[in-house]
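K.L.:
After the structure tokens below, expect a handful of questions from me.
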Amino acid sequence: GPPPASAPTPAPPPQAPDATGHLRLPPGAPVQISGTADPAAGPVTVEAAHTAAVAVLLIGPAGAGKTTVARYWADTRRVPTAHISLDDVREWVRSGFADPQSGWNEHSEAQYRLARRTCGFAARNFLANGISCILDDAVFPDRPVVGLGGWKRHVGPGLIPVVLLPGLEIVLERNAERTGNRRLSDEEVARIHGRMAGWYGSGLPIIDNSRQDVATTARLLDEAVARALTSPPSW
């Protein structure tokens with residue numbers, strides 16, 4: 001006789017276009033500026049900044065200690081906080097990774113832009129779920145379209161940029177302790193550090209952590225965030 005008919009496979013339940021599995025994704029709207037609406041309310045305290053939902057961009061040259069400070073700051077806040085490192089996200093690409101140390105070209109530029117857009121998407125989704133975030137990247141002041149302007153476009157106008165800029169001898173020492181493709185030549189470190197000096201006079205908060213330990217630097221970062229929440233920098 002004919003083979004028994006197999007039971008039809010049930011159709012999967014319809015899903016909203018903005019769902020992953022059964023979870024609806026948040027809208028992930030750009031982060032908006034959040035300052036004190038009423039000047040009479042007074043400045044935002046460091047205590048309040050420590051618990052506010054914020055997106056911070058920590059800028060600095062290679063060897064400034066961005067990742068260490070960002071991770072410590074995220075670890076010790078009193079509200080859920082994520083740390084997103086652009087270098088980590090760039091290195092998600094394994095085969096075909098365009099290492100900028102081999103020469104900055106259209107491939108490394110494209111992967112940098114893709115990583116930054118991915119970081120921005122992640123930051124907006126964290127904020128939409130009530131989780132603050134701190135991102136870190138070596139953004140140059142003389143390339144606003146590639147650097148700060150792009151971060152603002154991907155994360156939103158409420159992004160708080162803070163510059164971490166220790167002295168050259170400090171970044172050279174820290175770079176010497178690195179391994180792999182994170183370690184740069186002394187000449188490259190000096191060149192990057194020199195370009196970063198352009199942030200002075202930009203209006204962005206700058207922390208010189210040459211002689212500050214990580215905990216003190218994180219406290220200075222809290223103070224910078226508090227000031228930015230009170231009167232957002234124009235950038």
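Identifiers in the structure tokens: chain A, B, ... in order shown; residue index from 1 per chain; ligand index from 1 in order shown.
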Name the residues of range 101-169 of chain A that fall into strand (DSSP E) according to DSSP on the backbone, using the chain letters and numbers of this document, as a ChimeraX atom specification.

P.N.:
/A:132-137,160-164

K.L.:
Do you know which residues are at most 7 Å from Arg90 in chain A counting only C-alpha atoms, after dropping those on the same chain fewer than 4 positions away, and could you put them as a list of chain:residue names?

P.N.:
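These residues fall inside the cut-off: A:Leu86, A:Gln111, A:Tyr112, A:Ala115.
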
K.L.:
Write the residues of the preceding selection, restricted to N, CA, C and O atoms, as a tab-separated table (two decimals), in the first residue's frame.

P.N.:
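Output contents, as saved in result-v7.tsv:
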chain	number	residue	atom	x	y	z
A	86	LEU	N	36.03	49.79	20.57
A	86	LEU	CA	36.03	49.73	19.11
A	86	LEU	C	37.07	48.72	18.60
A	86	LEU	O	36.80	47.98	17.66
A	111	GLN	N	36.34	48.77	7.32
A	111	GLN	CA	36.12	47.95	8.51
A	111	GLN	C	36.01	48.81	9.76
A	111	GLN	O	35.25	48.48	10.67
A	112	TYR	N	36.76	49.92	9.80
A	112	TYR	CA	36.64	50.84	10.93
A	112	TYR	C	35.22	51.42	10.97
A	112	TYR	O	34.58	51.45	12.01
A	115	ALA	N	32.76	48.82	12.10
A	115	ALA	CA	32.85	48.55	13.54
A	115	ALA	C	32.23	49.69	14.34
A	115	ALA	O	31.52	49.45	15.32

K.L.:
Can you tell me, as a PDB file with N, CA, C and O atoms, in the first residue's frame, what residues are no more than 9 Å from Ala197 in chain A when counting only C-alpha atoms, ignoring any on the same chain fewer than 4 positions away?

P.N.:
ATOM      1  N   PRO A 141      41.193  64.705  16.310  1.00  0.00           N
ATOM      2  CA  PRO A 141      40.483  65.980  16.203  1.00  0.00           C
ATOM      3  C   PRO A 141      40.509  66.565  14.801  1.00  0.00           C
ATOM      4  O   PRO A 141      39.665  67.394  14.461  1.00  0.00           O
ATOM      5  N   LEU A 165      44.223  62.018  27.949  1.00  0.00           N
ATOM      6  CA  LEU A 165      45.453  62.390  27.253  1.00  0.00           C
ATOM      7  C   LEU A 165      46.627  62.562  28.214  1.00  0.00           C
ATOM      8  O   LEU A 165      46.948  63.668  28.660  1.00  0.00           O
ATOM      9  N   ILE A 192      50.647  59.714  16.726  1.00  0.00           N
ATOM     10  CA  ILE A 192      49.251  59.720  17.179  1.00  0.00           C
ATOM     11  C   ILE A 192      49.082  60.683  18.351  1.00  0.00           C
ATOM     12  O   ILE A 192      48.134  61.473  18.394  1.00  0.00           O
ATOM     13  N   HIS A 193      50.024  60.635  19.292  1.00  0.00           N
ATOM     14  CA  HIS A 193      49.935  61.504  20.470  1.00  0.00           C
ATOM     15  C   HIS A 193      49.974  62.973  20.052  1.00  0.00           C
ATOM     16  O   HIS A 193      49.237  63.804  20.587  1.00  0.00           O
TER      17      HIS A 193
END

K.L.:
Which residue gives the smallest distance to Asn125 in chain A among A:Leu220, A:Ala190, A:Ala82, A:Ala52, with only C-alpha atoms counted?

P.N.:
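So, comparing all the options, the nearest one is A:Ala82.
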
K.L.:
Please report, as an mmCIF file with N, CA, C and O atoms, in the first residue's frame, each residue of range 53-231 of chain A to which DSSP assigns alpha helix (DSSP H) when run on this structure's backbone.

P.N.:
data_model
loop_
_atom_site.group_PDB
_atom_site.id
_atom_site.type_symbol
_atom_site.label_atom_id
_atom_site.label_comp_id
_atom_site.auth_asym_id
_atom_site.auth_seq_id
_atom_site.Cartn_x
_atom_site.Cartn_y
_atom_site.Cartn_z
ATOM 1 N N LYS A 66 42.747 53.922 27.866
ATOM 2 C CA LYS A 66 41.298 54.036 27.630
ATOM 3 C C LYS A 66 40.546 52.776 28.053
ATOM 4 O O LYS A 66 39.561 52.850 28.786
ATOM 5 N N THR A 67 41.009 51.642 27.565
ATOM 6 C CA THR A 67 40.276 50.401 27.822
ATOM 7 C C THR A 67 40.288 50.061 29.310
ATOM 8 O O THR A 67 39.264 49.665 29.879
ATOM 9 N N THR A 68 41.430 50.239 29.969
ATOM 10 C CA THR A 68 41.530 49.945 31.397
ATOM 11 C C THR A 68 40.598 50.837 32.207
ATOM 12 O O THR A 68 39.862 50.373 33.091
ATOM 13 N N VAL A 69 40.625 52.143 31.913
ATOM 14 C CA VAL A 69 39.779 53.096 32.635
ATOM 15 C C VAL A 69 38.303 52.831 32.336
ATOM 16 O O VAL A 69 37.461 52.819 33.245
ATOM 17 N N ALA A 70 37.978 52.609 31.069
ATOM 18 C CA ALA A 70 36.584 52.380 30.688
ATOM 19 C C ALA A 70 36.026 51.133 31.372
ATOM 20 O O ALA A 70 34.902 51.123 31.875
ATOM 21 N N ARG A 71 36.840 50.080 31.406
ATOM 22 C CA ARG A 71 36.389 48.829 32.029
ATOM 23 C C ARG A 71 36.181 49.019 33.536
ATOM 24 O O ARG A 71 35.180 48.556 34.096
ATOM 25 N N TYR A 72 37.124 49.724 34.183
ATOM 26 C CA TYR A 72 36.999 49.977 35.624
ATOM 27 C C TYR A 72 35.762 50.828 35.903
ATOM 28 O O TYR A 72 35.001 50.550 36.834
ATOM 29 N N TRP A 73 35.574 51.868 35.094
ATOM 30 C CA TRP A 73 34.415 52.756 35.280
ATOM 31 C C TRP A 73 33.109 51.967 35.139
ATOM 32 O O TRP A 73 32.192 52.113 35.944
ATOM 33 N N ALA A 74 33.050 51.109 34.116
ATOM 34 C CA ALA A 74 31.851 50.298 33.905
ATOM 35 C C ALA A 74 31.655 49.292 35.038
ATOM 36 O O ALA A 74 30.525 49.013 35.454
ATOM 37 N N ASP A 75 32.751 48.750 35.554
ATOM 38 C CA ASP A 75 32.675 47.751 36.626
ATOM 39 C C ASP A 75 32.163 48.342 37.937
ATOM 40 O O ASP A 75 31.545 47.635 38.739
ATOM 41 N N THR A 76 32.454 49.627 38.174
ATOM 42 C CA THR A 76 32.215 50.190 39.507
ATOM 43 C C THR A 76 31.032 51.147 39.571
ATOM 44 O O THR A 76 30.787 51.736 40.622
ATOM 45 N N LEU A 86 36.030 49.787 20.569
ATOM 46 C CA LEU A 86 36.033 49.727 19.112
ATOM 47 C C LEU A 86 37.068 48.724 18.604
ATOM 48 O O LEU A 86 36.804 47.984 17.661
ATOM 49 N N ASP A 87 38.250 48.683 19.226
ATOM 50 C CA ASP A 87 39.276 47.741 18.768
ATOM 51 C C ASP A 87 38.797 46.301 18.883
ATOM 52 O O ASP A 87 39.057 45.474 18.004
ATOM 53 N N ASP A 88 38.093 45.994 19.973
ATOM 54 C CA ASP A 88 37.556 44.635 20.131
ATOM 55 C C ASP A 88 36.591 44.302 18.998
ATOM 56 O O ASP A 88 36.626 43.210 18.425
ATOM 57 N N VAL A 89 35.720 45.242 18.681
ATOM 58 C CA VAL A 89 34.708 44.990 17.644
ATOM 59 C C VAL A 89 35.372 44.888 16.269
ATOM 60 O O VAL A 89 34.997 44.040 15.450
ATOM 61 N N ARG A 90 36.390 45.718 16.019
ATOM 62 C CA ARG A 90 37.112 45.607 14.739
ATOM 63 C C ARG A 90 37.704 44.211 14.587
ATOM 64 O O ARG A 90 37.696 43.638 13.498
ATOM 65 N N GLU A 106 41.503 51.679 1.911
ATOM 66 C CA GLU A 106 40.029 51.660 1.871
ATOM 67 C C GLU A 106 39.447 50.461 2.618
ATOM 68 O O GLU A 106 38.327 50.521 3.123
ATOM 69 N N HIS A 107 40.214 49.371 2.720
ATOM 70 C CA HIS A 107 39.699 48.193 3.437
ATOM 71 C C HIS A 107 39.691 48.432 4.949
ATOM 72 O O HIS A 107 38.699 48.143 5.630
ATOM 73 N N SER A 108 40.797 48.957 5.490
ATOM 74 C CA SER A 108 40.813 49.244 6.923
ATOM 75 C C SER A 108 39.825 50.356 7.258
ATOM 76 O O SER A 108 39.177 50.325 8.307
ATOM 77 N N GLU A 109 39.691 51.331 6.359
ATOM 78 C CA GLU A 109 38.725 52.418 6.568
ATOM 79 C C GLU A 109 37.300 51.861 6.607
ATOM 80 O O GLU A 109 36.503 52.212 7.475
ATOM 81 N N ALA A 110 36.982 50.959 5.669
ATOM 82 C CA ALA A 110 35.636 50.388 5.611
ATOM 83 C C ALA A 110 35.346 49.549 6.857
ATOM 84 O O ALA A 110 34.248 49.609 7.416
ATOM 85 N N GLN A 111 36.342 48.771 7.318
ATOM 86 C CA GLN A 111 36.120 47.949 8.507
ATOM 87 C C GLN A 111 36.009 48.808 9.759
ATOM 88 O O GLN A 111 35.250 48.484 10.671
ATOM 89 N N TYR A 112 36.761 49.918 9.796
ATOM 90 C CA TYR A 112 36.641 50.843 10.927
ATOM 91 C C TYR A 112 35.224 51.423 10.965
ATOM 92 O O TYR A 112 34.575 51.445 12.012
ATOM 93 N N ARG A 113 34.741 51.890 9.828
ATOM 94 C CA ARG A 113 33.398 52.488 9.787
ATOM 95 C C ARG A 113 32.330 51.464 10.167
ATOM 96 O O ARG A 113 31.376 51.778 10.872
ATOM 97 N N LEU A 114 32.498 50.232 9.686
ATOM 98 C CA LEU A 114 31.543 49.174 10.008
ATOM 99 C C LEU A 114 31.555 48.880 11.504
ATOM 100 O O LEU A 114 30.499 48.726 12.137
ATOM 101 N N ALA A 115 32.757 48.816 12.104
ATOM 102 C CA ALA A 115 32.854 48.551 13.542
ATOM 103 C C ALA A 115 32.228 49.686 14.340
ATOM 104 O O ALA A 115 31.518 49.455 15.322
ATOM 105 N N ARG A 116 32.475 50.929 13.911
ATOM 106 C CA ARG A 116 31.913 52.068 14.644
ATOM 107 C C ARG A 116 30.386 52.061 14.563
ATOM 108 O O ARG A 116 29.702 52.314 15.544
ATOM 109 N N ARG A 117 29.847 51.735 13.388
ATOM 110 C CA ARG A 117 28.390 51.664 13.238
ATOM 111 C C ARG A 117 27.825 50.550 14.117
ATOM 112 O O ARG A 117 26.768 50.698 14.743
ATOM 113 N N THR A 118 28.533 49.424 14.199
ATOM 114 C CA THR A 118 28.105 48.312 15.050
ATOM 115 C C THR A 118 28.116 48.724 16.514
ATOM 116 O O THR A 118 27.194 48.413 17.286
ATOM 117 N N CYS A 119 29.173 49.444 16.934
ATOM 118 C CA CYS A 119 29.252 49.940 18.316
ATOM 119 C C CYS A 119 28.102 50.897 18.608
ATOM 120 O O CYS A 119 27.512 50.854 19.694
ATOM 121 N N GLY A 120 27.797 51.772 17.658
ATOM 122 C CA GLY A 120 26.709 52.728 17.858
ATOM 123 C C GLY A 120 25.365 52.036 18.003
ATOM 124 O O GLY A 120 24.548 52.400 18.861
ATOM 125 N N PHE A 121 25.137 51.014 17.175
ATOM 126 C CA PHE A 121 23.887 50.246 17.269
ATOM 127 C C PHE A 121 23.789 49.570 18.639
ATOM 128 O O PHE A 121 22.742 49.600 19.292
ATOM 129 N N ALA A 122 24.917 48.980 19.099
ATOM 130 C CA ALA A 122 24.925 48.313 20.400
ATOM 131 C C ALA A 122 24.656 49.316 21.516
ATOM 132 O O ALA A 122 23.877 49.052 22.436
ATOM 133 N N ALA A 123 25.288 50.485 21.438
ATOM 134 C CA ALA A 123 25.109 51.501 22.484
ATOM 135 C C ALA A 123 23.644 51.940 22.570
ATOM 136 O O ALA A 123 23.089 52.059 23.670
ATOM 137 N N ARG A 124 23.010 52.174 21.434
ATOM 138 C CA ARG A 124 21.606 52.604 21.449
ATOM 139 C C ARG A 124 20.707 51.513 22.022
ATOM 140 O O ARG A 124 19.770 51.799 22.763
ATOM 141 N N ASN A 125 21.013 50.259 21.703
ATOM 142 C CA ASN A 125 20.192 49.173 22.239
ATOM 143 C C ASN A 125 20.389 49.005 23.740
ATOM 144 O O ASN A 125 19.445 48.742 24.480
ATOM 145 N N PHE A 126 21.628 49.160 24.210
ATOM 146 C CA PHE A 126 21.856 49.106 25.660
ATOM 147 C C PHE A 126 21.079 50.211 26.363
ATOM 148 O O PHE A 126 20.409 49.972 27.365
ATOM 149 N N LEU A 127 21.174 51.448 25.830
ATOM 150 C CA LEU A 127 20.472 52.572 26.455
ATOM 151 C C LEU A 127 18.968 52.350 26.445
ATOM 152 O O LEU A 127 18.279 52.666 27.415
ATOM 153 N N ALA A 128 18.446 51.808 25.351
ATOM 154 C CA ALA A 128 17.006 51.561 25.253
ATOM 155 C C ALA A 128 16.546 50.546 26.292
ATOM 156 O O ALA A 128 15.379 50.513 26.660
ATOM 157 N N LEU A 148 34.642 62.076 15.390
ATOM 158 C CA LEU A 148 33.601 62.469 16.332
ATOM 159 C C LEU A 148 32.248 62.640 15.659
ATOM 160 O O LEU A 148 31.217 62.259 16.209
ATOM 161 N N GLY A 149 32.251 63.216 14.462
ATOM 162 C CA GLY A 149 30.982 63.398 13.754
ATOM 163 C C GLY A 149 30.290 62.078 13.479
ATOM 164 O O GLY A 149 29.068 61.957 13.583
ATOM 165 N N GLY A 150 31.087 61.064 13.129
ATOM 166 C CA GLY A 150 30.501 59.748 12.872
ATOM 167 C C GLY A 150 29.930 59.120 14.134
ATOM 168 O O GLY A 150 28.857 58.522 14.113
ATOM 169 N N TRP A 151 30.655 59.259 15.250
ATOM 170 C CA TRP A 151 30.141 58.720 16.514
ATOM 171 C C TRP A 151 28.831 59.395 16.898
ATOM 172 O O TRP A 151 27.884 58.738 17.336
ATOM 173 N N LYS A 152 28.780 60.719 16.715
ATOM 174 C CA LYS A 152 27.562 61.452 17.059
ATOM 175 C C LYS A 152 26.409 60.984 16.178
ATOM 176 O O LYS A 152 25.270 60.833 16.635
ATOM 177 N N ARG A 153 26.699 60.724 14.916
ATOM 178 C CA ARG A 153 25.657 60.283 13.981
ATOM 179 C C ARG A 153 25.130 58.897 14.364
ATOM 180 O O ARG A 153 23.933 58.633 14.282
ATOM 181 N N HIS A 154 26.028 58.011 14.791
ATOM 182 C CA HIS A 154 25.622 56.636 15.066
ATOM 183 C C HIS A 154 25.020 56.446 16.455
ATOM 184 O O HIS A 154 24.169 55.575 16.642
ATOM 185 N N VAL A 155 25.471 57.219 17.431
ATOM 186 C CA VAL A 155 24.964 57.056 18.796
ATOM 187 C C VAL A 155 23.876 58.081 19.111
ATOM 188 O O VAL A 155 22.850 57.746 19.687
ATOM 189 N N LEU A 168 53.437 62.041 26.613
ATOM 190 C CA LEU A 168 54.000 61.124 25.615
ATOM 191 C C LEU A 168 54.808 60.008 26.259
ATOM 192 O O LEU A 168 54.718 58.843 25.851
ATOM 193 N N GLU A 169 55.609 60.343 27.292
ATOM 194 C CA GLU A 169 56.457 59.304 27.891
ATOM 195 C C GLU A 169 55.604 58.197 28.515
ATOM 196 O O GLU A 169 55.983 57.025 28.524
ATOM 197 N N ILE A 170 54.415 58.561 28.999
ATOM 198 C CA ILE A 170 53.522 57.571 29.612
ATOM 199 C C ILE A 170 52.967 56.623 28.552
ATOM 200 O O ILE A 170 52.981 55.392 28.735
ATOM 201 N N VAL A 171 52.480 57.166 27.434
ATOM 202 C CA VAL A 171 51.898 56.295 26.408
ATOM 203 C C VAL A 171 52.981 55.427 25.766
ATOM 204 O O VAL A 171 52.710 54.285 25.363
ATOM 205 N N LEU A 172 54.220 55.923 25.684
ATOM 206 C CA LEU A 172 55.303 55.094 25.152
ATOM 207 C C LEU A 172 55.577 53.907 26.076
ATOM 208 O O LEU A 172 55.772 52.779 25.625
ATOM 209 N N GLU A 173 55.576 54.172 27.394
ATOM 210 C CA GLU A 173 55.789 53.087 28.364
ATOM 211 C C GLU A 173 54.682 52.039 28.267
ATOM 212 O O GLU A 173 54.948 50.832 28.259
ATOM 213 N N ARG A 174 53.434 52.502 28.208
ATOM 214 C CA ARG A 174 52.310 51.561 28.179
ATOM 215 C C ARG A 174 52.279 50.781 26.873
ATOM 216 O O ARG A 174 51.953 49.595 26.854
ATOM 217 N N ASN A 175 52.624 51.440 25.760
ATOM 218 C CA ASN A 175 52.646 50.749 24.482
ATOM 219 C C ASN A 175 53.703 49.649 24.476
ATOM 220 O O ASN A 175 53.499 48.579 23.896
ATOM 221 N N ALA A 176 54.838 49.903 25.146
ATOM 222 C CA ALA A 176 55.923 48.923 25.172
ATOM 223 C C ALA A 176 55.506 47.635 25.877
ATOM 224 O O ALA A 176 56.097 46.567 25.643
ATOM 225 N N ASP A 186 57.316 53.093 18.242
ATOM 226 C CA ASP A 186 57.440 54.337 19.001
ATOM 227 C C ASP A 186 57.112 55.542 18.127
ATOM 228 O O ASP A 186 56.499 56.516 18.585
ATOM 229 N N GLU A 187 57.528 55.487 16.871
ATOM 230 C CA GLU A 187 57.271 56.604 15.959
ATOM 231 C C GLU A 187 55.776 56.806 15.743
ATOM 232 O O GLU A 187 55.282 57.940 15.731
ATOM 233 N N GLU A 188 55.058 55.705 15.590
ATOM 234 C CA GLU A 188 53.608 55.801 15.373
ATOM 235 C C GLU A 188 52.911 56.319 16.626
ATOM 236 O O GLU A 188 51.994 57.142 16.555
ATOM 237 N N VAL A 189 53.354 55.854 17.792
ATOM 238 C CA VAL A 189 52.767 56.325 19.059
ATOM 239 C C VAL A 189 52.972 57.830 19.197
ATOM 240 O O VAL A 189 52.044 58.569 19.554
ATOM 241 N N ALA A 190 54.170 58.298 18.893
ATOM 242 C CA ALA A 190 54.468 59.735 19.003
ATOM 243 C C ALA A 190 53.639 60.536 18.008
ATOM 244 O O ALA A 190 53.145 61.630 18.322
ATOM 245 N N ARG A 191 53.456 59.997 16.805
ATOM 246 C CA ARG A 191 52.669 60.700 15.785
ATOM 247 C C ARG A 191 51.208 60.829 16.218
ATOM 248 O O ARG A 191 50.591 61.892 16.112
ATOM 249 N N ILE A 192 50.647 59.714 16.726
ATOM 250 C CA ILE A 192 49.251 59.720 17.179
ATOM 251 C C ILE A 192 49.082 60.683 18.351
ATOM 252 O O ILE A 192 48.134 61.473 18.394
ATOM 253 N N HIS A 193 50.024 60.635 19.292
ATOM 254 C CA HIS A 193 49.935 61.504 20.470
ATOM 255 C C HIS A 193 49.974 62.973 20.052
ATOM 256 O O HIS A 193 49.237 63.804 20.587
ATOM 257 N N GLY A 194 50.831 63.293 19.080
ATOM 258 C CA GLY A 194 50.917 64.667 18.602
ATOM 259 C C GLY A 194 49.622 65.149 17.975
ATOM 260 O O GLY A 194 49.189 66.294 18.203
ATOM 261 N N ARG A 195 48.981 64.279 17.222
ATOM 262 C CA ARG A 195 47.694 64.663 16.618
ATOM 263 C C ARG A 195 46.621 64.843 17.679
ATOM 264 O O ARG A 195 45.744 65.690 17.549
ATOM 265 N N MET A 196 46.683 64.031 18.740
ATOM 266 C CA MET A 196 45.678 64.117 19.802
ATOM 267 C C MET A 196 45.737 65.455 20.547
ATOM 268 O O MET A 196 44.759 65.888 21.137
ATOM 269 N N VAL A 214 44.072 54.317 38.235
ATOM 270 C CA VAL A 214 42.835 54.057 37.493
ATOM 271 C C VAL A 214 41.609 54.559 38.268
ATOM 272 O O VAL A 214 40.705 55.179 37.700
ATOM 273 N N ALA A 215 41.583 54.315 39.584
ATOM 274 C CA ALA A 215 40.424 54.726 40.384
ATOM 275 C C ALA A 215 40.271 56.249 40.385
ATOM 276 O O ALA A 215 39.154 56.775 40.261
ATOM 277 N N THR A 216 41.377 56.967 40.508
ATOM 278 C CA THR A 216 41.314 58.432 40.493
ATOM 279 C C THR A 216 40.863 58.932 39.121
ATOM 280 O O THR A 216 40.056 59.857 39.007
ATOM 281 N N THR A 217 41.382 58.314 38.068
ATOM 282 C CA THR A 217 40.993 58.700 36.713
ATOM 283 C C THR A 217 39.498 58.475 36.499
ATOM 284 O O THR A 217 38.811 59.303 35.890
ATOM 285 N N ALA A 218 38.981 57.368 37.015
ATOM 286 C CA ALA A 218 37.541 57.094 36.897
ATOM 287 C C ALA A 218 36.728 58.143 37.645
ATOM 288 O O ALA A 218 35.641 58.537 37.194
ATOM 289 N N ARG A 219 37.245 58.609 38.793
ATOM 290 C CA ARG A 219 36.533 59.648 39.537
ATOM 291 C C ARG A 219 36.531 60.966 38.749
ATOM 292 O O ARG A 219 35.530 61.679 38.707
ATOM 293 N N LEU A 220 37.652 61.281 38.102
ATOM 294 C CA LEU A 220 37.710 62.469 37.256
ATOM 295 C C LEU A 220 36.750 62.339 36.074
ATOM 296 O O LEU A 220 36.155 63.322 35.635
ATOM 297 N N LEU A 221 36.595 61.116 35.583
ATOM 298 C CA LEU A 221 35.640 60.878 34.499
ATOM 299 C C LEU A 221 34.212 61.130 34.980
ATOM 300 O O LEU A 221 33.398 61.727 34.262
ATOM 301 N N ASP A 222 33.903 60.694 36.207
ATOM 302 C CA ASP A 222 32.584 60.981 36.781
ATOM 303 C C ASP A 222 32.322 62.489 36.838
ATOM 304 O O ASP A 222 31.220 62.954 36.530
ATOM 305 N N GLU A 223 33.349 63.238 37.245
ATOM 306 C CA GLU A 223 33.192 64.694 37.341
ATOM 307 C C GLU A 223 32.947 65.301 35.960
ATOM 308 O O GLU A 223 32.126 66.212 35.797
ATOM 309 N N ALA A 224 33.649 64.801 34.940
ATOM 310 C CA ALA A 224 33.468 65.298 33.577
ATOM 311 C C ALA A 224 32.064 64.987 33.076
ATOM 312 O O ALA A 224 31.420 65.808 32.408
ATOM 313 N N VAL A 225 31.569 63.787 33.398
ATOM 314 C CA VAL A 225 30.205 63.409 32.989
ATOM 315 C C VAL A 225 29.183 64.300 33.684
ATOM 316 O O VAL A 225 28.215 64.752 33.065
ATOM 317 N N ALA A 226 29.402 64.590 34.980
ATOM 318 C CA ALA A 226 28.477 65.457 35.716
ATOM 319 C C ALA A 226 28.417 66.840 35.079
ATOM 320 O O ALA A 226 27.337 67.418 34.906
ATOM 321 N N ARG A 227 29.584 67.379 34.717
ATOM 322 C CA ARG A 227 29.597 68.701 34.070
ATOM 323 C C ARG A 227 28.890 68.663 32.726
ATOM 324 O O ARG A 227 28.153 69.584 32.358
ATOM 325 N N ALA A 228 29.102 67.586 31.965
ATOM 326 C CA ALA A 228 28.467 67.480 30.645
ATOM 327 C C ALA A 228 26.952 67.351 30.757
ATOM 328 O O ALA A 228 26.215 67.843 29.900
ATOM 329 N N LEU A 229 26.479 66.685 31.807
ATOM 330 C CA LEU A 229 25.028 66.549 31.994
ATOM 331 C C LEU A 229 24.410 67.897 32.391
ATOM 332 O O LEU A 229 23.268 68.184 32.047
ATOM 333 N N THR A 230 25.158 68.695 33.117
ATOM 334 C CA THR A 230 24.664 70.012 33.513
ATOM 335 C C THR A 230 24.643 70.968 32.320
ATOM 336 O O THR A 230 23.656 71.649 32.068
#

K.L.:
Which distance in Å separates CA of Ala64 in chain A and CA of Asn209 in chain A, to one decimal?

P.N.:
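Calculated distance between CA of Ala64 in chain A and CA of Asn209 in chain A is 8.0 Å.
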